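Asker: Sharing a structure, written as structure tokens. Questions coming.
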Amino acid sequence: MCFTLLIKLSIIILIIRNQFFSKGMYLMTKHVTEDSREIPAVVVPKGISKGLTNYGDTGFSLFLRKAFIKGAGYTDEALDRIVIGIANTGSGYNPCHGNAPQLIEAVKRGVMMAGGLAIDFPTISIAESFSSPTSMYLRNLMSMDTEEMIRAQPMDAVVLIGGCDKTVPAQLMGAASANVPTIQLITGSMLTGGHRGERVGACTDCRRFWGQYRAQEIDEQEVNEVNSKLVASVGTCSVMGTASTMACLGEALGIVMPGGASPPAVTSDRIRIAELTGKQAVEMARTGLTPDKILTAKAFENALRVLLAIGGSTNGIIHLTAIAGRMGFDIDLEAFDKMSRETPVLVDLKPSGQHYMEDLHRAGGLQTVLHELRPLLHLDALTVTGRTLGEELDDVPVFSQEVVRSFSDPIYPAGGIAFLRGNLAPEGAIIKQSAADQQLMEHEGRAVVFEDSEDMALRIDDPDLDVNADDILVLKNIGPYGAPGMPEAGYLPIPKKLARQGVKDMVRISDGRMSGTAAGTIVLHVTPEAAKGGTLALVQNGDRIRLSISNRSIELLVSEQELEQRRQGWKPIKLVDAERGYRKLFYEQIMQADKGCDFEFLRPPFINKKVP
């Protein structure tokens, strides 16, 4: 009788196991040690059984989860599959992500074709021109949201859909920390438009036309007319701004499908990339290809090389630093500068050149750039396909085109970004030299100082402002801590009275950022920032400043004795009240530009490796 009861009990257990713990929900894993000893297999939950909510009863946790999700119409067969999460960053406030519904549909199709189950979920969506006080202020919050949603919800791999400026770095920062198989899908650039017979696109042309309006070169009627022509479709900026830069860097890192950086948002090529991304996500889930195998030191070196060669946004260095920090690497900016001296700008795109992202796509996209850079790259770096970068490039056709130049005929002979040091920036500053006025690269001038953004807004167009074309405009307190959020206010406008005289560029210095779509002789990311008591805080009207790109220096020509006296009298600025919430956390945790402006508590406790 006992034996019969035991048999019945065993049958009941098997039925329950098949019902709620089907073999499709678990993965048998084994590990082989360095001395070839095999550790016994371990049962690892997968699919819908991953990360069960804790009710104190594992069986009930899965029973309850399946009961609720079946309310959405899923069958047991569907729920037995590998689960691919899709981070949905579509938002009515984010036209850069206006194609998110079509991309999600295509990703789901690819996942289904590969035998997986796709489930999309929302996260924060950051749109550059709709984020107050600045999109950078919210980047780390989005990274936390992304990381914790990946951790909290059952998924064997995740597809991250992003495009607008801070979105892609936020997602990659979060994914790097979560370390679940990850593949990035770029939303893609907008199409270009036309204005009175001229091809135009956001946002370099936005700044150009606004500058012409301020200089009274065009009237209000024309500036309103062109306002409706600059953005011809949904998608990210059509030039080599931050969004396009991060798309290219994602592909260079190997975390974006080969060829996935350049297709415009509204093209069939973009939809096909989305479908392929979904299929590849299933394969990555099956093989366990996690970010730590892709985002290696070699991958970051490749990305830094690409950043220089494409004339990429200065924001790219901050974001790469933050992503690398999550993986345990510090970016060595002096070594990066040495890399800059041997890496010319090859991509003829605005603001450093003349073309737009859709032109780069027709020219073969980033793969054409990578092929030209091949002798300088780590070709053994792994990509999301499971193949190395070199193996992927072996399949890239080479053809004649005019957008990506050769090493013998570059757009600019050195890398797009130069790293500066000096008593004005003890921990460094950067300049996008490929977009600067060559006549201002070696310059000494008188400082015209603005204490903060409000002071600049009040005085920059004052007809009585004491300013000349050879002066140096200095803006303080727009760094990561002082602003807060390090806004893109480093692109100080030319004072209106000088603009009307035909002045197009001046040396400008700040502890803030500028848009990757902007051009000019602009020194950014001065570290330490003014709000933290850096030398920038001590600059006064009339001080002499010397900029030397050839010497990689930025010097305040004031004696150390005088600076010490000023330090004694310096008082920190009054910050915006932050008694609670995210702003309080931001003030307590934000790091300086040389650390990627990440939150200190989100980085690994020990970082002792440098890249390059």
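Residues are named by chain letter and number: chains run A, B, ... in the order of the structure tokens, numbers start at 1 in each chain, and ligands are numbered from 1 in the order shown.
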Among segment 95-162 of chain A, which residues does DSSP mark as alpha helix (DSSP H) when it is run on the backbone? Keep the chain and numbering as in the structure and answer as a PyMOL selection string.

Answerer: chain A and resi 100-113+135-152

Asker: One decimal, in Å: what's the spacing between atom CA of Gly188 of chain A and atom CA of Ala247 of chain A?

Answerer: 8.1 Å

Asker: To one decimal in Å, tell me the separation between atom CA of Phe419 of chain A and atom CA of Lys338 of chain A.

Answerer: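 These two atoms are separated by 9.2 Å.
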
Asker: Using only C-alpha atoms, find each residue of segment 464-572 of chain A with at least one atom at most 12 Å away from an atom of segment 164-186 of chain A; report its shortest atom-to-atom pair and that distance in Å (one decimal), sort the rows by chain and rising residue number, and return the result as CSV.

Answerer:
residue,atom,partner,partner_atom,distance
A:Gly485,CA,A:Lys166,CA,11.9
A:Pro487,CA,A:Lys166,CA,11.9
A:Glu488,CA,A:Asp165,CA,11.6
A:Met514,CA,A:Asp165,CA,11.8
A:Ser515,CA,A:Asp165,CA,9.2
A:Gly516,CA,A:Asp165,CA,9.2
A:Thr517,CA,A:Asp165,CA,10.9

Asker: Tell me which protein, DNA and RNA residues are within 12 Å of Ala322 of chain A, counting only C-alpha atoms, leaving out same-chain ones fewer than 5 positions away, and put them as a PDB file with all heavy atoms, in the first residue's frame.

Answerer:
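Saved to selection.pdb:
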ATOM      1  N   ARG A 139      20.212  61.167 -17.222  1.00  0.00           N
ATOM      2  CA  ARG A 139      20.842  59.981 -17.794  1.00  0.00           C
ATOM      3  C   ARG A 139      21.057  58.886 -16.754  1.00  0.00           C
ATOM      4  O   ARG A 139      20.748  57.706 -16.986  1.00  0.00           O
ATOM      5  CB  ARG A 139      22.193  60.345 -18.427  1.00  0.00           C
ATOM      6  CG  ARG A 139      22.866  59.186 -19.152  1.00  0.00           C
ATOM      7  CD  ARG A 139      24.356  59.408 -19.332  1.00  0.00           C
ATOM      8  NE  ARG A 139      25.060  59.460 -18.059  1.00  0.00           N
ATOM      9  CZ  ARG A 139      26.366  59.638 -17.923  1.00  0.00           C
ATOM     10  NH1 ARG A 139      27.114  59.812 -19.000  1.00  0.00           N
ATOM     11  NH2 ARG A 139      26.939  59.666 -16.731  1.00  0.00           N
ATOM     12  N   ASN A 140      21.598  59.236 -15.602  1.00  0.00           N
ATOM     13  CA  ASN A 140      21.888  58.222 -14.595  1.00  0.00           C
ATOM     14  C   ASN A 140      20.615  57.614 -14.015  1.00  0.00           C
ATOM     15  O   ASN A 140      20.585  56.439 -13.649  1.00  0.00           O
ATOM     16  CB  ASN A 140      22.749  58.813 -13.478  1.00  0.00           C
ATOM     17  CG  ASN A 140      24.107  59.251 -13.967  1.00  0.00           C
ATOM     18  OD1 ASN A 140      24.520  58.920 -15.073  1.00  0.00           O
ATOM     19  ND2 ASN A 140      24.821  60.020 -13.156  1.00  0.00           N
ATOM     20  N   SER A 143      19.567  55.078 -16.452  1.00  0.00           N
ATOM     21  CA  SER A 143      20.425  53.888 -16.352  1.00  0.00           C
ATOM     22  C   SER A 143      19.985  53.003 -15.190  1.00  0.00           C
ATOM     23  O   SER A 143      19.985  51.770 -15.305  1.00  0.00           O
ATOM     24  CB  SER A 143      21.896  54.292 -16.200  1.00  0.00           C
ATOM     25  OG  SER A 143      22.230  54.605 -14.870  1.00  0.00           O
ATOM     26  N   LYS A 166      21.194  60.963 -24.743  1.00  0.00           N
ATOM     27  CA  LYS A 166      21.592  60.323 -23.484  1.00  0.00           C
ATOM     28  C   LYS A 166      20.961  58.950 -23.304  1.00  0.00           C
ATOM     29  O   LYS A 166      21.279  58.230 -22.358  1.00  0.00           O
ATOM     30  CB  LYS A 166      21.240  61.215 -22.286  1.00  0.00           C
ATOM     31  CG  LYS A 166      21.637  62.686 -22.438  1.00  0.00           C
ATOM     32  CD  LYS A 166      23.092  62.864 -22.820  1.00  0.00           C
ATOM     33  CE  LYS A 166      23.425  64.310 -23.120  1.00  0.00           C
ATOM     34  NZ  LYS A 166      22.878  64.821 -24.390  1.00  0.00           N
ATOM     35  N   VAL A 168      20.987  56.067 -25.311  1.00  0.00           N
ATOM     36  CA  VAL A 168      21.849  54.912 -25.579  1.00  0.00           C
ATOM     37  C   VAL A 168      22.892  54.730 -24.476  1.00  0.00           C
ATOM     38  O   VAL A 168      23.050  53.621 -23.960  1.00  0.00           O
ATOM     39  CB  VAL A 168      22.495  55.016 -26.971  1.00  0.00           C
ATOM     40  CG1 VAL A 168      23.560  53.941 -27.167  1.00  0.00           C
ATOM     41  CG2 VAL A 168      21.422  54.905 -28.053  1.00  0.00           C
ATOM     42  N   PRO A 169      23.622  55.785 -24.070  1.00  0.00           N
ATOM     43  CA  PRO A 169      24.558  55.565 -22.959  1.00  0.00           C
ATOM     44  C   PRO A 169      23.873  55.137 -21.668  1.00  0.00           C
ATOM     45  O   PRO A 169      24.389  54.275 -20.951  1.00  0.00           O
ATOM     46  CB  PRO A 169      25.261  56.919 -22.799  1.00  0.00           C
ATOM     47  CG  PRO A 169      24.458  57.896 -23.571  1.00  0.00           C
ATOM     48  CD  PRO A 169      23.766  57.130 -24.644  1.00  0.00           C
ATOM     49  N   ALA A 170      22.709  55.702 -21.366  1.00  0.00           N
ATOM     50  CA  ALA A 170      21.987  55.294 -20.162  1.00  0.00           C
ATOM     51  C   ALA A 170      21.655  53.811 -20.218  1.00  0.00           C
ATOM     52  O   ALA A 170      21.828  53.075 -19.224  1.00  0.00           O
ATOM     53  CB  ALA A 170      20.713  56.123 -20.002  1.00  0.00           C
ATOM     54  N   GLN A 171      21.175  53.358 -21.369  1.00  0.00           N
ATOM     55  CA  GLN A 171      20.819  51.945 -21.503  1.00  0.00           C
ATOM     56  C   GLN A 171      22.031  51.032 -21.397  1.00  0.00           C
ATOM     57  O   GLN A 171      21.980  49.988 -20.734  1.00  0.00           O
ATOM     58  CB  GLN A 171      20.107  51.727 -22.844  1.00  0.00           C
ATOM     59  CG  GLN A 171      18.726  52.362 -22.903  1.00  0.00           C
ATOM     60  CD  GLN A 171      18.033  52.130 -24.234  1.00  0.00           C
ATOM     61  OE1 GLN A 171      18.637  52.294 -25.293  1.00  0.00           O
ATOM     62  NE2 GLN A 171      16.761  51.766 -24.203  1.00  0.00           N
ATOM     63  N   LEU A 172      23.122  51.427 -22.034  1.00  0.00           N
ATOM     64  CA  LEU A 172      24.320  50.586 -21.982  1.00  0.00           C
ATOM     65  C   LEU A 172      24.944  50.586 -20.589  1.00  0.00           C
ATOM     66  O   LEU A 172      25.513  49.569 -20.164  1.00  0.00           O
ATOM     67  CB  LEU A 172      25.332  51.043 -23.029  1.00  0.00           C
ATOM     68  CG  LEU A 172      24.916  50.805 -24.485  1.00  0.00           C
ATOM     69  CD1 LEU A 172      26.002  51.297 -25.438  1.00  0.00           C
ATOM     70  CD2 LEU A 172      24.610  49.329 -24.735  1.00  0.00           C
ATOM     71  N   MET A 173      24.856  51.699 -19.875  1.00  0.00           N
ATOM     72  CA  MET A 173      25.337  51.729 -18.491  1.00  0.00           C
ATOM     73  C   MET A 173      24.536  50.753 -17.633  1.00  0.00           C
ATOM     74  O   MET A 173      25.096  49.956 -16.868  1.00  0.00           O
ATOM     75  CB  MET A 173      25.235  53.147 -17.932  1.00  0.00           C
ATOM     76  CG  MET A 173      26.221  54.129 -18.543  1.00  0.00           C
ATOM     77  SD  MET A 173      25.735  55.867 -18.310  1.00  0.00           S
ATOM     78  CE  MET A 173      25.949  56.044 -16.519  1.00  0.00           C
ATOM     79  N   GLY A 174      23.212  50.807 -17.774  1.00  0.00           N
ATOM     80  CA  GLY A 174      22.364  49.898 -17.001  1.00  0.00           C
ATOM     81  C   GLY A 174      22.577  48.451 -17.370  1.00  0.00           C
ATOM     82  O   GLY A 174      22.654  47.571 -16.503  1.00  0.00           O
ATOM     83  N   ALA A 176      25.264  47.129 -18.710  1.00  0.00           N
ATOM     84  CA  ALA A 176      26.590  46.703 -18.264  1.00  0.00           C
ATOM     85  C   ALA A 176      26.551  46.251 -16.813  1.00  0.00           C
ATOM     86  O   ALA A 176      27.197  45.267 -16.435  1.00  0.00           O
ATOM     87  CB  ALA A 176      27.596  47.839 -18.443  1.00  0.00           C
ATOM     88  N   SER A 177      25.791  46.972 -15.999  1.00  0.00           N
ATOM     89  CA  SER A 177      25.693  46.611 -14.584  1.00  0.00           C
ATOM     90  C   SER A 177      24.862  45.352 -14.377  1.00  0.00           C
ATOM     91  O   SER A 177      25.184  44.514 -13.541  1.00  0.00           O
ATOM     92  CB  SER A 177      25.083  47.772 -13.798  1.00  0.00           C
ATOM     93  OG  SER A 177      25.919  48.909 -13.836  1.00  0.00           O
ATOM     94  N   PHE A 300      36.524  48.986 -25.969  1.00  0.00           N
ATOM     95  CA  PHE A 300      36.528  50.417 -25.653  1.00  0.00           C
ATOM     96  C   PHE A 300      37.625  51.145 -26.428  1.00  0.00           C
ATOM     97  O   PHE A 300      37.434  52.293 -26.862  1.00  0.00           O
ATOM     98  CB  PHE A 300      36.663  50.633 -24.149  1.00  0.00           C
ATOM     99  CG  PHE A 300      35.392  50.373 -23.396  1.00  0.00           C
ATOM    100  CD1 PHE A 300      35.272  49.264 -22.568  1.00  0.00           C
ATOM    101  CD2 PHE A 300      34.310  51.224 -23.527  1.00  0.00           C
ATOM    102  CE1 PHE A 300      34.086  49.016 -21.883  1.00  0.00           C
ATOM    103  CE2 PHE A 300      33.119  50.981 -22.853  1.00  0.00           C
ATOM    104  CZ  PHE A 300      33.010  49.864 -22.039  1.00  0.00           C
ATOM    105  N   ASN A 315      30.430  64.835 -26.284  1.00  0.00           N
ATOM    106  CA  ASN A 315      29.678  64.061 -25.290  1.00  0.00           C
ATOM    107  C   ASN A 315      30.068  62.586 -25.326  1.00  0.00           C
ATOM    108  O   ASN A 315      29.923  61.873 -24.327  1.00  0.00           O
ATOM    109  CB  ASN A 315      28.176  64.179 -25.552  1.00  0.00           C
ATOM    110  CG  ASN A 315      27.629  65.535 -25.189  1.00  0.00           C
ATOM    111  OD1 ASN A 315      27.878  66.042 -24.108  1.00  0.00           O
ATOM    112  ND2 ASN A 315      26.885  66.145 -26.098  1.00  0.00           N
ATOM    113  N   GLY A 316      30.555  62.135 -26.472  1.00  0.00           N
ATOM    114  CA  GLY A 316      30.921  60.729 -26.603  1.00  0.00           C
ATOM    115  C   GLY A 316      31.962  60.298 -25.601  1.00  0.00           C
ATOM    116  O   GLY A 316      31.918  59.167 -25.095  1.00  0.00           O
ATOM    117  N   ILE A 317      32.913  61.184 -25.289  1.00  0.00           N
ATOM    118  CA  ILE A 317      33.968  60.803 -24.345  1.00  0.00           C
ATOM    119  C   ILE A 317      33.420  60.668 -22.934  1.00  0.00           C
ATOM    120  O   ILE A 317      33.814  59.784 -22.176  1.00  0.00           O
ATOM    121  CB  ILE A 317      35.153  61.805 -24.408  1.00  0.00           C
ATOM    122  CG1 ILE A 317      36.358  61.270 -23.630  1.00  0.00           C
ATOM    123  CG2 ILE A 317      34.776  63.175 -23.911  1.00  0.00           C
ATOM    124  CD1 ILE A 317      36.944  60.006 -24.185  1.00  0.00           C
ATOM    125  N   MET A 327      32.054  48.849 -16.301  1.00  0.00           N
ATOM    126  CA  MET A 327      32.734  47.582 -16.567  1.00  0.00           C
ATOM    127  C   MET A 327      34.076  47.480 -15.844  1.00  0.00           C
ATOM    128  O   MET A 327      34.810  46.501 -16.016  1.00  0.00           O
ATOM    129  CB  MET A 327      32.964  47.415 -18.075  1.00  0.00           C
ATOM    130  CG  MET A 327      31.699  47.375 -18.910  1.00  0.00           C
ATOM    131  SD  MET A 327      30.506  46.114 -18.394  1.00  0.00           S
ATOM    132  CE  MET A 327      31.460  44.621 -18.568  1.00  0.00           C
ATOM    133  N   GLY A 328      34.407  48.496 -15.027  1.00  0.00           N
ATOM    134  CA  GLY A 328      35.634  48.442 -14.247  1.00  0.00           C
ATOM    135  C   GLY A 328      36.846  49.052 -14.905  1.00  0.00           C
ATOM    136  O   GLY A 328      37.979  48.789 -14.502  1.00  0.00           O
ATOM    137  N   PHE A 329      36.626  49.912 -15.924  1.00  0.00           N
ATOM    138  CA  PHE A 329      37.739  50.557 -16.620  1.00  0.00           C
ATOM    139  C   PHE A 329      37.682  52.071 -16.425  1.00  0.00           C
ATOM    140  O   PHE A 329      36.604  52.660 -16.449  1.00  0.00           O
ATOM    141  CB  PHE A 329      37.695  50.274 -18.127  1.00  0.00           C
ATOM    142  CG  PHE A 329      37.721  48.820 -18.498  1.00  0.00           C
ATOM    143  CD1 PHE A 329      36.603  48.208 -19.043  1.00  0.00           C
ATOM    144  CD2 PHE A 329      38.860  48.061 -18.309  1.00  0.00           C
ATOM    145  CE1 PHE A 329      36.614  46.872 -19.390  1.00  0.00           C
ATOM    146  CE2 PHE A 329      38.892  46.718 -18.655  1.00  0.00           C
ATOM    147  CZ  PHE A 329      37.770  46.114 -19.191  1.00  0.00           C
ATOM    148  N   ASP A 330      38.838  52.689 -16.271  1.00  0.00           N
ATOM    149  CA  ASP A 330      38.968  54.143 -16.322  1.00  0.00           C
ATOM    150  C   ASP A 330      39.516  54.525 -17.687  1.00  0.00           C
ATOM    151  O   ASP A 330      40.465  53.897 -18.173  1.00  0.00           O
ATOM    152  CB  ASP A 330      39.924  54.651 -15.228  1.00  0.00           C
ATOM    153  CG  ASP A 330      39.188  55.156 -14.001  1.00  0.00           C
ATOM    154  OD1 ASP A 330      37.989  55.472 -14.120  1.00  0.00           O
ATOM    155  OD2 ASP A 330      39.800  55.231 -12.923  1.00  0.00           O
ATOM    156  N   ILE A 331      38.949  55.554 -18.300  1.00  0.00           N
ATOM    157  CA  ILE A 331      39.486  56.058 -19.561  1.00  0.00           C
ATOM    158  C   ILE A 331      40.670  56.974 -19.250  1.00  0.00           C
ATOM    159  O   ILE A 331      40.537  57.941 -18.511  1.00  0.00           O
ATOM    160  CB  ILE A 331      38.427  56.835 -20.363  1.00  0.00           C
ATOM    161  CG1 ILE A 331      37.234  55.926 -20.701  1.00  0.00           C
ATOM    162  CG2 ILE A 331      39.028  57.432 -21.622  1.00  0.00           C
ATOM    163  CD1 ILE A 331      37.561  54.782 -21.627  1.00  0.00           C
ATOM    164  N   ILE A 590      26.987  62.663  -7.737  1.00  0.00           N
ATOM    165  CA  ILE A 590      27.500  62.971  -9.071  1.00  0.00           C
ATOM    166  C   ILE A 590      29.015  63.136  -9.062  1.00  0.00           C
ATOM    167  O   ILE A 590      29.587  63.763  -8.167  1.00  0.00           O
ATOM    168  CB  ILE A 590      26.811  64.236  -9.652  1.00  0.00           C
ATOM    169  CG1 ILE A 590      27.136  64.410 -11.128  1.00  0.00           C
ATOM    170  CG2 ILE A 590      27.198  65.481  -8.870  1.00  0.00           C
ATOM    171  CD1 ILE A 590      26.558  63.355 -12.020  1.00  0.00           C
ATOM    172  N   MET A 591      29.656  62.549 -10.064  1.00  0.00           N
ATOM    173  CA  MET A 591      31.103  62.628 -10.215  1.00  0.00           C
ATOM    174  C   MET A 591      31.448  63.629 -11.320  1.00  0.00           C
ATOM    175  O   MET A 591      30.583  64.083 -12.060  1.00  0.00           O
ATOM    176  CB  MET A 591      31.674  61.243 -10.529  1.00  0.00           C
ATOM    177  CG  MET A 591      31.319  60.208  -9.469  1.00  0.00           C
ATOM    178  SD  MET A 591      31.901  58.551  -9.889  1.00  0.00           S
ATOM    179  CE  MET A 591      33.623  58.704  -9.445  1.00  0.00           C
ATOM    180  N   GLN A 592      32.720  63.947 -11.448  1.00  0.00           N
ATOM    181  CA  GLN A 592      33.171  64.939 -12.412  1.00  0.00           C
ATOM    182  C   GLN A 592      33.256  64.336 -13.825  1.00  0.00           C
ATOM    183  O   GLN A 592      33.113  63.129 -14.023  1.00  0.00           O
ATOM    184  CB  GLN A 592      34.525  65.504 -11.983  1.00  0.00           C
ATOM    185  CG  GLN A 592      34.464  66.333 -10.700  1.00  0.00           C
ATOM    186  CD  GLN A 592      33.773  67.677 -10.917  1.00  0.00           C
ATOM    187  OE1 GLN A 592      34.351  68.607 -11.472  1.00  0.00           O
ATOM    188  NE2 GLN A 592      32.528  67.770 -10.452  1.00  0.00           N
ATOM    189  N   ALA A 593      33.490  65.211 -14.798  1.00  0.00           N
ATOM    190  CA  ALA A 593      33.485  64.801 -16.209  1.00  0.00           C
ATOM    191  C   ALA A 593      34.505  63.712 -16.501  1.00  0.00           C
ATOM    192  O   ALA A 593      34.267  62.838 -17.337  1.00  0.00           O
ATOM    193  CB  ALA A 593      33.734  66.011 -17.097  1.00  0.00           C
ATOM    194  N   ASP A 594      35.671  63.758 -15.835  1.00  0.00           N
ATOM    195  CA  ASP A 594      36.702  62.756 -16.119  1.00  0.00           C
ATOM    196  C   ASP A 594      36.310  61.357 -15.644  1.00  0.00           C
ATOM    197  O   ASP A 594      36.958  60.374 -15.987  1.00  0.00           O
ATOM    198  CB  ASP A 594      38.049  63.173 -15.517  1.00  0.00           C
ATOM    199  CG  ASP A 594      38.015  63.305 -14.007  1.00  0.00           C
ATOM    200  OD1 ASP A 594      36.943  63.609 -13.450  1.00  0.00           O
ATOM    201  OD2 ASP A 594      39.065  63.106 -13.372  1.00  0.00           O
ATOM    202  N   LYS A 595      35.225  61.261 -14.864  1.00  0.00           N
ATOM    203  CA  LYS A 595      34.680  59.972 -14.437  1.00  0.00           C
ATOM    204  C   LYS A 595      33.350  59.691 -15.122  1.00  0.00           C
ATOM    205  O   LYS A 595      32.591  58.818 -14.708  1.00  0.00           O
ATOM    206  CB  LYS A 595      34.505  59.928 -12.918  1.00  0.00           C
ATOM    207  CG  LYS A 595      35.781  60.148 -12.136  1.00  0.00           C
ATOM    208  CD  LYS A 595      36.827  59.089 -12.425  1.00  0.00           C
ATOM    209  CE  LYS A 595      38.093  59.312 -11.624  1.00  0.00           C
ATOM    210  NZ  LYS A 595      39.174  58.373 -12.017  1.00  0.00           N
ATOM    211  N   GLY A 596      33.050  60.449 -16.165  1.00  0.00           N
ATOM    212  CA  GLY A 596      31.847  60.203 -16.941  1.00  0.00           C
ATOM    213  C   GLY A 596      30.575  60.749 -16.342  1.00  0.00           C
ATOM    214  O   GLY A 596      29.481  60.437 -16.820  1.00  0.00           O
ATOM    215  N   CYS A 597      30.682  61.555 -15.272  1.00  0.00           N
ATOM    216  CA  CYS A 597      29.500  62.122 -14.612  1.00  0.00           C
ATOM    217  C   CYS A 597      28.533  61.030 -14.149  1.00  0.00           C
ATOM    218  O   CYS A 597      27.313  61.238 -14.106  1.00  0.00           O
ATOM    219  CB  CYS A 597      28.777  63.113 -15.503  1.00  0.00           C
ATOM    220  SG  CYS A 597      29.770  64.539 -15.974  1.00  0.00           S
ATOM    221  N   ASP A 598      29.064  59.871 -13.813  1.00  0.00           N
ATOM    222  CA  ASP A 598      28.227  58.806 -13.267  1.00  0.00           C
ATOM    223  C   ASP A 598      28.005  59.070 -11.779  1.00  0.00           C
ATOM    224  O   ASP A 598      28.636  59.950 -11.181  1.00  0.00           O
ATOM    225  CB  ASP A 598      28.897  57.446 -13.473  1.00  0.00           C
ATOM    226  CG  ASP A 598      27.911  56.284 -13.421  1.00  0.00           C
ATOM    227  OD1 ASP A 598      26.704  56.516 -13.182  1.00  0.00           O
ATOM    228  OD2 ASP A 598      28.342  55.131 -13.616  1.00  0.00           O
ATOM    229  N   PHE A 599      27.100  58.309 -11.180  1.00  0.00           N
ATOM    230  CA  PHE A 599      26.944  58.328  -9.731  1.00  0.00           C
ATOM    231  C   PHE A 599      27.982  57.388  -9.126  1.00  0.00           C
ATOM    232  O   PHE A 599      28.171  56.269  -9.616  1.00  0.00           O
ATOM    233  CB  PHE A 599      25.551  57.876  -9.314  1.00  0.00           C
ATOM    234  CG  PHE A 599      24.466  58.877  -9.603  1.00  0.00           C
ATOM    235  CD1 PHE A 599      23.135  58.485  -9.611  1.00  0.00           C
ATOM    236  CD2 PHE A 599      24.756  60.208  -9.860  1.00  0.00           C
ATOM    237  CE1 PHE A 599      22.123  59.397  -9.867  1.00  0.00           C
ATOM    238  CE2 PHE A 599      23.755  61.129 -10.114  1.00  0.00           C
ATOM    239  CZ  PHE A 599      22.429  60.719 -10.121  1.00  0.00           C
ATOM    240  N   GLU A 600      28.611  57.839  -8.074  1.00  0.00           N
ATOM    241  CA  GLU A 600      29.703  57.068  -7.490  1.00  0.00           C
ATOM    242  C   GLU A 600      29.244  55.688  -7.044  1.00  0.00           C
ATOM    243  O   GLU A 600      29.957  54.694  -7.216  1.00  0.00           O
ATOM    244  CB  GLU A 600      30.307  57.842  -6.316  1.00  0.00           C
ATOM    245  CG  GLU A 600      31.563  57.221  -5.765  1.00  0.00           C
ATOM    246  CD  GLU A 600      32.288  58.113  -4.781  1.00  0.00           C
ATOM    247  OE1 GLU A 600      31.779  59.219  -4.494  1.00  0.00           O
ATOM    248  OE2 GLU A 600      33.362  57.708  -4.302  1.00  0.00           O
ATOM    249  N   LEU A 602      27.141  53.728  -8.287  1.00  0.00           N
ATOM    250  CA  LEU A 602      26.796  52.821  -9.374  1.00  0.00           C
ATOM    251  C   LEU A 602      28.020  52.180 -10.020  1.00  0.00           C
ATOM    252  O   LEU A 602      27.889  51.250 -10.817  1.00  0.00           O
ATOM    253  CB  LEU A 602      25.998  53.572 -10.445  1.00  0.00           C
ATOM    254  CG  LEU A 602      24.612  54.060 -10.019  1.00  0.00           C
ATOM    255  CD1 LEU A 602      23.969  54.891 -11.128  1.00  0.00           C
ATOM    256  CD2 LEU A 602      23.699  52.896  -9.636  1.00  0.00           C
ATOM    257  N   ARG A 603      29.196  52.672  -9.690  1.00  0.00           N
ATOM    258  CA  ARG A 603      30.430  52.119 -10.252  1.00  0.00           C
ATOM    259  C   ARG A 603      30.955  50.996  -9.362  1.00  0.00           C
ATOM    260  O   ARG A 603      30.653  50.942  -8.170  1.00  0.00           O
ATOM    261  CB  ARG A 603      31.496  53.211 -10.374  1.00  0.00           C
ATOM    262  CG  ARG A 603      31.256  54.170 -11.527  1.00  0.00           C
ATOM    263  CD  ARG A 603      32.017  55.462 -11.389  1.00  0.00           C
ATOM    264  NE  ARG A 603      33.449  55.324 -11.218  1.00  0.00           N
ATOM    265  CZ  ARG A 603      34.347  55.425 -12.191  1.00  0.00           C
ATOM    266  NH1 ARG A 603      33.933  55.637 -13.430  1.00  0.00           N
ATOM    267  NH2 ARG A 603      35.632  55.328 -11.951  1.00  0.00           N
ATOM    268  N   PRO A 604      31.746  50.080  -9.926  1.00  0.00           N
ATOM    269  CA  PRO A 604      32.356  49.034  -9.105  1.00  0.00           C
ATOM    270  C   PRO A 604      33.208  49.652  -7.993  1.00  0.00           C
ATOM    271  O   PRO A 604      33.763  50.751  -8.170  1.00  0.00           O
ATOM    272  CB  PRO A 604      33.227  48.253 -10.090  1.00  0.00           C
ATOM    273  CG  PRO A 604      32.672  48.566 -11.432  1.00  0.00           C
ATOM    274  CD  PRO A 604      32.129  49.957 -11.344  1.00  0.00           C
TER     275      PRO A 604
END

Asker: Which residues are close to Leu360 of chain A, i.e. within 8 Å by only C-alpha atoms, leaving aside same-chain residues fewer than 4 positions away? Reply as number ranges by chain.

Answerer: A: 262, 349, 355-356, 364-366, 403-404

Asker: Any chance you could list, as a ChimeraX atom specification, the residues in segment 174-337 of chain A that come up strand (DSSP E) when DSSP is run on the backbone?

Answerer: /A:182-186,193-195,198-200,329-331
